[in-house]
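In what follows, a single structure is set out as structure tokens and then discussed.
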Amino acid sequence: MPVKQQDKAMPNEQPFIDVRHAQKQFGELEVLKDISLQVQKGQIVAIIGPSGSGKSTLLRAINDLDPLTSGEVWLEDKQVNKKLPHRQYEKHINKVRQDIGMVFQHFNLFPHLTVRQNITLAPKMLKDIPDAEANKLAEEQLARVGLSDRIDFYPSQLSGGQKQRVAIARALAMKPKVMLFDEATSALDPELVEEVNLAMKALAAEHMTMLIVTHEMGFAESVCDRVLFMDEGVVVEEGPPGVIFKNPKSDRTRNFLRKHLGG
Amino acid sequence: MAPEWVFPGSTGGRGSIERFQYKHGGAEMGLDFSVVPEYFDQLLLGSFWTIAVMLVSAVISFFGGIILAVIALYAPAIIRYPFRAFSFVFMGTPLLLQLFLIYFGLIQIGIDLPAFVAGVIGLGLHFAVYNSDIIQAGILAVDKGQYEGARTLGLSKGQTIRKIIVPQAVRTVTPPIGNNMVALLKDSALVSVIGVTELTLSSQLAISNTFRPFEFYVAAAACYYVINLGLEFGLRRIELRIQAAR
């Protein structure tokens with residue numbers, strides 16, 4: 001059985017993100033097996049593990065992109081995957097997702113819109129803010145990721161690293177409470193990884209609550225407060241990066257890390 | 001529109017009339033294009049109406065195609081199936097028959113449409129069905145990540161389809177839709193049979209005055225060709241603009 005995460009939650013503090021008994025089935029295959037996870041406000045959690053371990057599925061369950069088969073996901077005092085009639089649920093989830101920023105492996109920028117339009121689209125449509133304010137917002141967020149000079153470019157005119165930084169700016173423009181990163185640097189050329197890591201580190205310095213699925217152990221170790229090691233749908237081991245990376249208890253963790261760090 | 005007399009041994013189709021006129025109407029043998037300029041303004045007016053029919057039907061077929069495609073892919077079955085039946089009827093029956101039905105048939109149930117309106121509705125819906133098939137393919141070709149990217153920002157399904165999916169789908173399928181518009185331009189000649197005085201009917205009217213079918217049909221063909229050049233130029237401009245944004 002996996003280590004019970006409940007024990008790790010700090011007493012007297014309501015968890016910011018609370019995943020309770022998450023279970024997810026794709027047909028016969030059980031990709032998440034009764035996972036529970038609490039994240040405190042401002043915490044940065046890395047989720048590592050071999051591919052197919054369910055780490056992306058867990059992340060995508062947090063904003064209900066991959067709905068759980070059973071279990072609950074809570075963000076503050078709101079249940080994300082609340083059981084509601086279809087129409088009400090759509091309304092509810094669209095509202096909740098505004099608070100959960102997500103960055104994907106393949107950026108998912110809108111190729112038919114400029115960088116500026118990519119960033120302002122959702123705030124304009126969902127928050128009814130005027131054009132001038134939306135533009136200011138776009139400029140601010142782009143400055144944060146160091147891409148002010150690319151505001152009127154199309155995504156196709158940017159490098160992979162720049163695209164991912166725009167994707168981060170786009171997510172931040174909704175002023176989310178949480179940021180989810182799903183292998184944000186996996187699709188990048190090695191020399192472009194650092195600029196994205198820097199943008200993520202800057203966010204970390206601002207105490208953004210972050211969940212990061214990553215293959216980059218070095219980044220996880222230097223930036224994250226906690227590391228979860230997942231394998232075959234369970235959290236095998238979790239703890240501070242110092243413990244997980246230097247002194248793992250489980251053989252599976254050790255084997256995995258040897259492959260990824262041993263090099 | 002009905003002929004004043006019936007050609008013996010035939011059902012009186014317009015083609016027969018012209019041949020009859022030519023053989024028995026006293027026209028001289030040989031070609032004489034000098035009569036064409038006299039009817040220049042009539043052909044010009046006909047060209048104008050052909051362009052008008054094409055543009056209005058093109059707009060109907062484009063937006064109709066988008067609506068049909070979105071219904072076919074996203075609407076619940078109760079809406080989807082009636083529309084599928086509608087598409088099947090429009091794709092499986094001749095456009096000419098549809099025009100007759102809309103212009104001559106609907107009046108029996110109290111819907112009296114002017115010929116131009118009936119013509120653009122018939123052409124527009126007919127080509128909307130073809131455009132819909134193409135746009136559906138375009139929608140399915142949009143990367144799933146686009147949908148997820150928009151939904152995670154908090155956009156609803158409808159907003160995502162409208163702002164993210166359809167604009168990209170339409171961009172990828174502009175070339176085949178452009179081809180459809182060229183076909184639409186040519187098929188617009190069919191609305192002459194319900195009495196829209198577009199290019200084909202204008203030239204037929206000129207022929208019935210001059211008994212010179214060859215000259216005027218060639219003149220009309222030249223006009224269609226010029227309009228087609230303009231259309232293709234416009235389509236290329238649109239494609240270039242779209243490519244810049246990809």
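Ordering of the structure tokens sets the chain letters (A, B, ...), residue numbers begin anew at 1 in every chain, and ligands are numbered from 1 in the order given.
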
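Contacts from chain B to chain A at a cut-off of 10 Å (only C-alpha atoms) map to Asp143, Lys144, Gly145, Gln146, Tyr147, Glu148, Gly149, Ala150, Arg151, Thr152, Leu153, Gly154, Leu155, Ser156, Lys157, Gln159, Lys163, Ile164, Ile165, Pro167, Gln168, Arg171, Ile242, Gln243, Ala244, Ala245 and Arg246 of chain B.
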
| task | Using only C-alpha atoms, determine which residues lie at most 10 Å from range 183-199 of chain A, disregarding the query and same-chain residues fewer than 5 positions distant; provide the list as a VMD selection string. | result | chain A and resid 47 to 48 55 to 56 102 to 107 144 to 146 159 to 169 204 to 205 212 to 216 219 223

| query | If you run DSSP on the backbone, which residues of range 88-162 of chain A are strand (DSSP E), as a PyMOL selection string? | reply | chain A and resi 100-103

From a backbone DSSP assignment, name each residue in range 54-259 of chain A labelled alpha helix (DSSP H), as a JSON list (two decimals) with N, CA and C atoms, in the first residue's frame.
```json
[["chain", "number", "residue", "atom", "x", "y", "z"],
["A", 55, "LYS", "N", 0.76, 9.85, -13.63],
["A", 55, "LYS", "CA", 1.01, 11.18, -13.07],
["A", 55, "LYS", "C", 0.29, 12.28, -13.86],
["A", 56, "SER", "N", 0.30, 12.16, -15.18],
["A", 56, "SER", "CA", -0.44, 13.16, -15.99],
["A", 56, "SER", "C", -1.94, 13.04, -15.76],
["A", 57, "THR", "N", -2.41, 11.81, -15.64],
["A", 57, "THR", "CA", -3.84, 11.60, -15.42],
["A", 57, "THR", "C", -4.26, 12.24, -14.09],
["A", 58, "LEU", "N", -3.41, 12.08, -13.08],
["A", 58, "LEU", "CA", -3.72, 12.69, -11.79],
["A", 58, "LEU", "C", -3.80, 14.21, -11.93],
["A", 59, "LEU", "N", -2.83, 14.78, -12.62],
["A", 59, "LEU", "CA", -2.80, 16.23, -12.80],
["A", 59, "LEU", "C", -4.04, 16.70, -13.55],
["A", 60, "ARG", "N", -4.38, 15.94, -14.61],
["A", 60, "ARG", "CA", -5.52, 16.34, -15.43],
["A", 60, "ARG", "C", -6.85, 16.09, -14.74],
["A", 61, "ALA", "N", -6.81, 15.30, -13.66],
["A", 61, "ALA", "CA", -8.04, 15.11, -12.89],
["A", 61, "ALA", "C", -8.32, 16.33, -12.02],
["A", 62, "ILE", "N", -7.26, 17.08, -11.72],
["A", 62, "ILE", "CA", -7.43, 18.20, -10.79],
["A", 62, "ILE", "C", -8.29, 19.30, -11.41],
["A", 86, "HIS", "N", -25.87, 17.99, -16.16],
["A", 86, "HIS", "CA", -24.90, 18.40, -17.17],
["A", 86, "HIS", "C", -24.74, 19.91, -17.32],
["A", 87, "ARG", "N", -25.84, 20.62, -17.49],
["A", 87, "ARG", "CA", -25.78, 22.05, -17.76],
["A", 87, "ARG", "C", -25.15, 22.82, -16.58],
["A", 88, "GLN", "N", -25.62, 22.48, -15.39],
["A", 88, "GLN", "CA", -25.08, 23.15, -14.21],
["A", 88, "GLN", "C", -23.62, 22.82, -14.01],
["A", 89, "TYR", "N", -23.29, 21.55, -14.30],
["A", 89, "TYR", "CA", -21.90, 21.14, -14.15],
["A", 89, "TYR", "C", -21.00, 21.95, -15.08],
["A", 90, "GLU", "N", -21.43, 22.13, -16.33],
["A", 90, "GLU", "CA", -20.63, 22.89, -17.29],
["A", 90, "GLU", "C", -20.36, 24.30, -16.77],
["A", 91, "LYS", "N", -21.37, 24.91, -16.25],
["A", 91, "LYS", "CA", -21.24, 26.26, -15.69],
["A", 91, "LYS", "C", -20.24, 26.26, -14.54],
["A", 92, "HIS", "N", -20.41, 25.28, -13.67],
["A", 92, "HIS", "CA", -19.57, 25.16, -12.49],
["A", 92, "HIS", "C", -18.11, 24.95, -12.88],
["A", 93, "ILE", "N", -17.88, 24.01, -13.79],
["A", 93, "ILE", "CA", -16.49, 23.66, -14.09],
["A", 93, "ILE", "C", -15.79, 24.80, -14.85],
["A", 94, "ASN", "N", -16.54, 25.52, -15.69],
["A", 94, "ASN", "CA", -15.92, 26.64, -16.39],
["A", 94, "ASN", "C", -15.47, 27.72, -15.41],
["A", 95, "LYS", "N", -16.24, 27.87, -14.36],
["A", 95, "LYS", "CA", -15.90, 28.84, -13.32],
["A", 95, "LYS", "C", -14.65, 28.36, -12.56],
["A", 96, "VAL", "N", -14.68, 27.09, -12.16],
["A", 96, "VAL", "CA", -13.56, 26.55, -11.38],
["A", 96, "VAL", "C", -12.26, 26.59, -12.18],
["A", 97, "ARG", "N", -12.35, 26.27, -13.46],
["A", 97, "ARG", "CA", -11.14, 26.18, -14.27],
["A", 97, "ARG", "C", -10.45, 27.54, -14.42],
["A", 115, "VAL", "N", 0.06, 36.41, -30.22],
["A", 115, "VAL", "CA", 0.40, 36.22, -28.81],
["A", 115, "VAL", "C", -0.55, 37.04, -27.94],
["A", 116, "ARG", "N", -0.74, 38.30, -28.35],
["A", 116, "ARG", "CA", -1.62, 39.17, -27.57],
["A", 116, "ARG", "C", -3.02, 38.58, -27.48],
["A", 117, "GLN", "N", -3.55, 38.12, -28.64],
["A", 117, "GLN", "CA", -4.91, 37.58, -28.65],
["A", 117, "GLN", "C", -5.01, 36.27, -27.87],
["A", 118, "ASN", "N", -3.93, 35.48, -27.94],
["A", 118, "ASN", "CA", -3.90, 34.25, -27.15],
["A", 118, "ASN", "C", -4.09, 34.56, -25.67],
["A", 119, "ILE", "N", -3.43, 35.62, -25.22],
["A", 119, "ILE", "CA", -3.46, 35.93, -23.80],
["A", 119, "ILE", "C", -4.77, 36.62, -23.41],
["A", 120, "THR", "N", -5.28, 37.50, -24.29],
["A", 120, "THR", "CA", -6.45, 38.28, -23.88],
["A", 120, "THR", "C", -7.78, 37.59, -24.14],
["A", 121, "LEU", "N", -7.76, 36.54, -24.97],
["A", 121, "LEU", "CA", -9.02, 35.90, -25.36],
["A", 121, "LEU", "C", -9.89, 35.53, -24.15],
["A", 122, "ALA", "N", -9.31, 34.71, -23.27],
["A", 122, "ALA", "CA", -10.12, 34.22, -22.15],
["A", 122, "ALA", "C", -10.51, 35.34, -21.17],
["A", 123, "PRO", "N", -9.57, 36.21, -20.77],
["A", 123, "PRO", "CA", -10.00, 37.30, -19.87],
["A", 123, "PRO", "C", -11.10, 38.17, -20.48],
["A", 124, "LYS", "N", -10.99, 38.44, -21.78],
["A", 124, "LYS", "CA", -12.01, 39.27, -22.42],
["A", 124, "LYS", "C", -13.35, 38.57, -22.44],
["A", 125, "MET", "N", -13.33, 37.29, -22.79],
["A", 125, "MET", "CA", -14.60, 36.58, -22.93],
["A", 125, "MET", "C", -15.24, 36.27, -21.60],
["A", 126, "LEU", "N", -14.40, 35.95, -20.61],
["A", 126, "LEU", "CA", -14.96, 35.41, -19.37],
["A", 126, "LEU", "C", -15.06, 36.45, -18.27],
["A", 127, "LYS", "N", -14.23, 37.49, -18.36],
["A", 127, "LYS", "CA", -14.26, 38.47, -17.27],
["A", 127, "LYS", "C", -14.77, 39.82, -17.73],
["A", 131, "ASP", "N", -11.01, 46.29, -23.68],
["A", 131, "ASP", "CA", -9.83, 46.02, -24.50],
["A", 131, "ASP", "C", -8.55, 46.59, -23.92],
["A", 132, "ALA", "N", -8.63, 47.85, -23.51],
["A", 132, "ALA", "CA", -7.43, 48.53, -23.02],
["A", 132, "ALA", "C", -6.84, 47.79, -21.83],
["A", 133, "GLU", "N", -7.73, 47.38, -20.94],
["A", 133, "GLU", "CA", -7.27, 46.69, -19.75],
["A", 133, "GLU", "C", -6.70, 45.32, -20.11],
["A", 134, "ALA", "N", -7.38, 44.65, -21.05],
["A", 134, "ALA", "CA", -6.91, 43.33, -21.50],
["A", 134, "ALA", "C", -5.52, 43.45, -22.11],
["A", 135, "ASN", "N", -5.32, 44.50, -22.90],
["A", 135, "ASN", "CA", -4.00, 44.70, -23.51],
["A", 135, "ASN", "C", -2.94, 44.92, -22.45],
["A", 136, "LYS", "N", -3.29, 45.70, -21.44],
["A", 136, "LYS", "CA", -2.34, 45.96, -20.36],
["A", 136, "LYS", "C", -1.98, 44.65, -19.66],
["A", 137, "LEU", "N", -3.01, 43.85, -19.47],
["A", 137, "LEU", "CA", -2.83, 42.55, -18.83],
["A", 137, "LEU", "C", -1.86, 41.69, -19.64],
["A", 138, "ALA", "N", -2.08, 41.68, -20.96],
["A", 138, "ALA", "CA", -1.21, 40.89, -21.83],
["A", 138, "ALA", "C", 0.23, 41.38, -21.73],
["A", 139, "GLU", "N", 0.40, 42.69, -21.74],
["A", 139, "GLU", "CA", 1.76, 43.25, -21.65],
["A", 139, "GLU", "C", 2.42, 42.88, -20.33],
["A", 140, "GLU", "N", 1.66, 42.99, -19.25],
["A", 140, "GLU", "CA", 2.20, 42.64, -17.93],
["A", 140, "GLU", "C", 2.66, 41.18, -17.88],
["A", 141, "GLN", "N", 1.75, 40.31, -18.34],
["A", 141, "GLN", "CA", 2.06, 38.87, -18.23],
["A", 141, "GLN", "C", 3.23, 38.49, -19.13],
["A", 142, "LEU", "N", 3.30, 39.14, -20.30],
["A", 142, "LEU", "CA", 4.42, 38.84, -21.20],
["A", 142, "LEU", "C", 5.73, 39.34, -20.60],
["A", 143, "ALA", "N", 5.67, 40.48, -19.95],
["A", 143, "ALA", "CA", 6.88, 41.01, -19.30],
["A", 143, "ALA", "C", 7.38, 40.04, -18.25],
["A", 144, "ARG", "N", 6.44, 39.41, -17.56],
["A", 144, "ARG", "CA", 6.79, 38.44, -16.52],
["A", 144, "ARG", "C", 7.61, 37.29, -17.08],
["A", 160, "GLY", "N", 10.14, 27.01, -29.52],
["A", 160, "GLY", "CA", 9.40, 26.19, -28.56],
["A", 160, "GLY", "C", 9.41, 26.79, -27.16],
["A", 161, "GLY", "N", 10.58, 27.25, -26.74],
["A", 161, "GLY", "CA", 10.68, 27.84, -25.40],
["A", 161, "GLY", "C", 9.83, 29.09, -25.27],
["A", 162, "GLN", "N", 9.84, 29.89, -26.32],
["A", 162, "GLN", "CA", 9.02, 31.10, -26.30],
["A", 162, "GLN", "C", 7.55, 30.76, -26.27],
["A", 163, "LYS", "N", 7.17, 29.73, -27.05],
["A", 163, "LYS", "CA", 5.77, 29.31, -27.06],
["A", 163, "LYS", "C", 5.32, 28.92, -25.66],
["A", 164, "GLN", "N", 6.18, 28.14, -25.00],
["A", 164, "GLN", "CA", 5.78, 27.68, -23.68],
["A", 164, "GLN", "C", 5.69, 28.84, -22.70],
["A", 165, "ARG", "N", 6.57, 29.83, -22.85],
["A", 165, "ARG", "CA", 6.49, 30.98, -21.96],
["A", 165, "ARG", "C", 5.21, 31.78, -22.23],
["A", 166, "VAL", "N", 4.81, 31.85, -23.51],
["A", 166, "VAL", "CA", 3.53, 32.51, -23.82],
["A", 166, "VAL", "C", 2.38, 31.72, -23.19],
["A", 167, "ALA", "N", 2.49, 30.40, -23.27],
["A", 167, "ALA", "CA", 1.43, 29.56, -22.68],
["A", 167, "ALA", "C", 1.32, 29.83, -21.18],
["A", 168, "ILE", "N", 2.47, 30.01, -20.55],
["A", 168, "ILE", "CA", 2.46, 30.32, -19.11],
["A", 168, "ILE", "C", 1.80, 31.69, -18.88],
["A", 169, "ALA", "N", 2.19, 32.67, -19.71],
["A", 169, "ALA", "CA", 1.60, 34.00, -19.58],
["A", 169, "ALA", "C", 0.09, 33.95, -19.80],
["A", 170, "ARG", "N", -0.33, 33.14, -20.77],
["A", 170, "ARG", "CA", -1.76, 33.02, -21.05],
["A", 170, "ARG", "C", -2.50, 32.47, -19.84],
["A", 171, "ALA", "N", -1.91, 31.44, -19.23],
["A", 171, "ALA", "CA", -2.56, 30.86, -18.05],
["A", 171, "ALA", "C", -2.59, 31.87, -16.91],
["A", 172, "LEU", "N", -1.49, 32.62, -16.74],
["A", 172, "LEU", "CA", -1.41, 33.57, -15.63],
["A", 172, "LEU", "C", -2.38, 34.73, -15.79],
["A", 190, "PRO", "N", 16.87, 20.76, -25.70],
["A", 190, "PRO", "CA", 17.55, 20.93, -24.42],
["A", 190, "PRO", "C", 17.96, 22.38, -24.14],
["A", 191, "GLU", "N", 18.41, 23.09, -25.18],
["A", 191, "GLU", "CA", 18.89, 24.45, -24.90],
["A", 191, "GLU", "C", 17.75, 25.43, -24.62],
["A", 192, "LEU", "N", 16.50, 25.00, -24.84],
["A", 192, "LEU", "CA", 15.37, 25.90, -24.60],
["A", 192, "LEU", "C", 14.68, 25.63, -23.27],
["A", 193, "VAL", "N", 15.15, 24.55, -22.60],
["A", 193, "VAL", "CA", 14.49, 24.15, -21.36],
["A", 193, "VAL", "C", 14.69, 25.21, -20.29],
["A", 194, "GLU", "N", 15.89, 25.78, -20.25],
["A", 194, "GLU", "CA", 16.25, 26.65, -19.15],
["A", 194, "GLU", "C", 15.34, 27.89, -19.06],
["A", 195, "GLU", "N", 15.02, 28.48, -20.22],
["A", 195, "GLU", "CA", 14.21, 29.70, -20.18],
["A", 195, "GLU", "C", 12.82, 29.42, -19.60],
["A", 196, "VAL", "N", 12.29, 28.23, -19.88],
["A", 196, "VAL", "CA", 10.99, 27.88, -19.31],
["A", 196, "VAL", "C", 11.13, 27.60, -17.82],
["A", 197, "ASN", "N", 12.20, 26.90, -17.47],
["A", 197, "ASN", "CA", 12.45, 26.65, -16.04],
["A", 197, "ASN", "C", 12.58, 27.96, -15.26],
["A", 198, "LEU", "N", 13.23, 28.93, -15.87],
["A", 198, "LEU", "CA", 13.39, 30.23, -15.20],
["A", 198, "LEU", "C", 12.03, 30.89, -14.96],
["A", 199, "ALA", "N", 11.16, 30.80, -15.97],
["A", 199, "ALA", "CA", 9.83, 31.39, -15.81],
["A", 199, "ALA", "C", 9.09, 30.69, -14.68],
["A", 200, "MET", "N", 9.27, 29.36, -14.59],
["A", 200, "MET", "CA", 8.59, 28.62, -13.52],
["A", 200, "MET", "C", 9.19, 28.95, -12.16],
["A", 201, "LYS", "N", 10.49, 29.14, -12.14],
["A", 201, "LYS", "CA", 11.14, 29.49, -10.87],
["A", 201, "LYS", "C", 10.67, 30.86, -10.39],
["A", 202, "ALA", "N", 10.49, 31.78, -11.34],
["A", 202, "ALA", "CA", 10.01, 33.11, -10.98],
["A", 202, "ALA", "C", 8.63, 33.02, -10.33],
["A", 203, "LEU", "N", 7.81, 32.12, -10.87],
["A", 203, "LEU", "CA", 6.49, 31.91, -10.28],
["A", 203, "LEU", "C", 6.60, 31.33, -8.88],
["A", 204, "ALA", "N", 7.52, 30.41, -8.76],
["A", 204, "ALA", "CA", 7.72, 29.77, -7.45],
["A", 204, "ALA", "C", 8.11, 30.82, -6.42],
["A", 205, "ALA", "N", 8.95, 31.76, -6.85],
["A", 205, "ALA", "CA", 9.39, 32.81, -5.94],
["A", 205, "ALA", "C", 8.23, 33.69, -5.49],
["A", 217, "MET", "N", 14.64, 15.84, -12.94],
["A", 217, "MET", "CA", 14.86, 15.64, -11.51],
["A", 217, "MET", "C", 15.58, 16.83, -10.89],
["A", 218, "GLY", "N", 16.51, 17.40, -11.64],
["A", 218, "GLY", "CA", 17.27, 18.54, -11.13],
["A", 218, "GLY", "C", 16.35, 19.70, -10.79],
["A", 219, "PHE", "N", 15.41, 19.96, -11.70],
["A", 219, "PHE", "CA", 14.48, 21.05, -11.48],
["A", 219, "PHE", "C", 13.59, 20.75, -10.28],
["A", 220, "ALA", "N", 13.08, 19.52, -10.23],
["A", 220, "ALA", "CA", 12.21, 19.13, -9.12],
["A", 220, "ALA", "C", 12.95, 19.30, -7.79],
["A", 221, "GLU", "N", 14.20, 18.92, -7.79],
["A", 221, "GLU", "CA", 14.97, 18.96, -6.55],
["A", 221, "GLU", "C", 15.20, 20.40, -6.09],
["A", 222, "SER", "N", 15.50, 21.28, -7.08],
["A", 222, "SER", "CA", 15.88, 22.63, -6.67],
["A", 222, "SER", "C", 14.68, 23.53, -6.39],
["A", 223, "VAL", "N", 13.54, 23.24, -6.98],
["A", 223, "VAL", "CA", 12.42, 24.18, -6.89],
["A", 223, "VAL", "C", 11.31, 23.70, -5.95],
["A", 241, "PRO", "N", 12.22, 16.90, -1.31],
["A", 241, "PRO", "CA", 13.14, 16.44, -2.36],
["A", 241, "PRO", "C", 14.44, 15.89, -1.79],
["A", 242, "GLY", "N", 14.93, 16.48, -0.71],
["A", 242, "GLY", "CA", 16.17, 15.99, -0.10],
["A", 242, "GLY", "C", 16.07, 14.52, 0.24],
["A", 243, "VAL", "N", 14.93, 14.13, 0.78],
["A", 243, "VAL", "CA", 14.76, 12.74, 1.20],
["A", 243, "VAL", "C", 14.55, 11.83, -0.01],
["A", 244, "ILE", "N", 13.62, 12.25, -0.89],
["A", 244, "ILE", "CA", 13.28, 11.40, -2.03],
["A", 244, "ILE", "C", 14.50, 11.16, -2.92],
["A", 245, "PHE", "N", 15.23, 12.22, -3.19],
["A", 245, "PHE", "CA", 16.33, 12.06, -4.14],
["A", 245, "PHE", "C", 17.58, 11.48, -3.50],
["A", 246, "LYS", "N", 17.81, 11.80, -2.24],
["A", 246, "LYS", "CA", 19.06, 11.35, -1.61],
["A", 246, "LYS", "C", 18.89, 10.01, -0.89],
["A", 251, "ASP", "N", 12.40, 0.56, -3.15],
["A", 251, "ASP", "CA", 13.27, 0.07, -4.22],
["A", 251, "ASP", "C", 12.86, 0.63, -5.57],
["A", 252, "ARG", "N", 11.52, 0.72, -5.77],
["A", 252, "ARG", "CA", 11.04, 1.22, -7.06],
["A", 252, "ARG", "C", 11.53, 2.65, -7.29],
["A", 253, "THR", "N", 11.45, 3.46, -6.25],
["A", 253, "THR", "CA", 11.93, 4.84, -6.38],
["A", 253, "THR", "C", 13.41, 4.85, -6.71],
["A", 254, "ARG", "N", 14.13, 4.02, -5.98],
["A", 254, "ARG", "CA", 15.59, 3.99, -6.16],
["A", 254, "ARG", "C", 15.96, 3.58, -7.60],
["A", 255, "ASN", "N", 15.28, 2.56, -8.09],
["A", 255, "ASN", "CA", 15.54, 2.11, -9.46],
["A", 255, "ASN", "C", 15.23, 3.19, -10.48],
["A", 256, "PHE", "N", 14.09, 3.83, -10.25],
["A", 256, "PHE", "CA", 13.69, 4.89, -11.19],
["A", 256, "PHE", "C", 14.72, 6.02, -11.18],
["A", 257, "LEU", "N", 15.11, 6.43, -9.99],
["A", 257, "LEU", "CA", 16.05, 7.55, -9.88],
["A", 257, "LEU", "C", 17.43, 7.19, -10.45],
["A", 258, "ARG", "N", 17.79, 5.93, -10.27],
["A", 258, "ARG", "CA", 19.10, 5.52, -10.79],
["A", 258, "ARG", "C", 19.12, 5.71, -12.31],
["A", 259, "LYS", "N", 18.00, 5.34, -12.94],
["A", 259, "LYS", "CA", 17.93, 5.49, -14.39],
["A", 259, "LYS", "C", 17.99, 6.97, -14.79]]
```

| request: Find the residues near Pro176 in chain B: any atom within 12 Å, counting only C-alpha atoms, skip ones fewer than 4 places away on the same chain, and give them as a VMD selection string. | output: chain B and resid 62 130 to 135 137 to 138 169 to 172 180 to 183 235 239

May I have the residues from that selection written out with C-alpha atoms, as a PDB file, in the first residue's frame?
```
ATOM      1  CA  PHE B  62     -20.327  29.061 -46.058  1.00  0.00           C
ATOM      2  CA  TYR B 130     -21.101  20.056 -49.521  1.00  0.00           C
ATOM      3  CA  ASN B 131     -19.223  22.667 -47.476  1.00  0.00           C
ATOM      4  CA  SER B 132     -20.427  21.018 -44.292  1.00  0.00           C
ATOM      5  CA  ASP B 133     -18.716  17.758 -45.207  1.00  0.00           C
ATOM      6  CA  ILE B 134     -15.456  19.571 -45.834  1.00  0.00           C
ATOM      7  CA  ILE B 135     -15.682  21.666 -42.666  1.00  0.00           C
ATOM      8  CA  ALA B 137     -13.183  17.070 -41.829  1.00  0.00           C
ATOM      9  CA  GLY B 138     -11.444  20.336 -40.937  1.00  0.00           C
ATOM     10  CA  ALA B 169     -10.997  24.275 -39.202  1.00  0.00           C
ATOM     11  CA  VAL B 170     -12.155  26.812 -41.761  1.00  0.00           C
ATOM     12  CA  ARG B 171      -8.576  27.953 -42.334  1.00  0.00           C
ATOM     13  CA  THR B 172      -7.361  24.473 -43.121  1.00  0.00           C
ATOM     14  CA  ASN B 180     -16.819  24.489 -54.182  1.00  0.00           C
ATOM     15  CA  MET B 181     -17.351  28.188 -54.754  1.00  0.00           C
ATOM     16  CA  VAL B 182     -16.082  27.858 -58.309  1.00  0.00           C
ATOM     17  CA  ALA B 183     -18.555  25.011 -58.827  1.00  0.00           C
ATOM     18  CA  LEU B 235      -9.896  33.213 -53.082  1.00  0.00           C
ATOM     19  CA  GLU B 239      -5.736  31.969 -48.664  1.00  0.00           C
TER      20      GLU B 239
END
```

| range 234-236 of chain A surroundings by only C-alpha atoms, 8 Å radius, close-in-sequence under 6 positions cut, as a PyMOL selection string | chain A and resi 2-3+32-35+53-54+228+250+252-253

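If only C-alpha atoms are the atoms counted, then among A:Asp182, A:Asp225, A:Asp149, A:Asp66 the closest residue to Val39 in chain A is A:Asp225.
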
| said: as a VMD selection string, please: the residues near Leu199 in chain B (cut-off 12 Å, only C-alpha atoms, same-chain neighbours under 3 positions excluded). | reply: chain B and resid 39 to 54 185 to 193 195 to 196 202 to 206 216 to 225 227

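We find CA of Gly42 in chain A and CA of Lys177 in chain A to be spaced 9.3 Å apart.
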
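Relative to CA of Val80 in chain A, CA of Gly27 in chain A is found at 23.2 Å.
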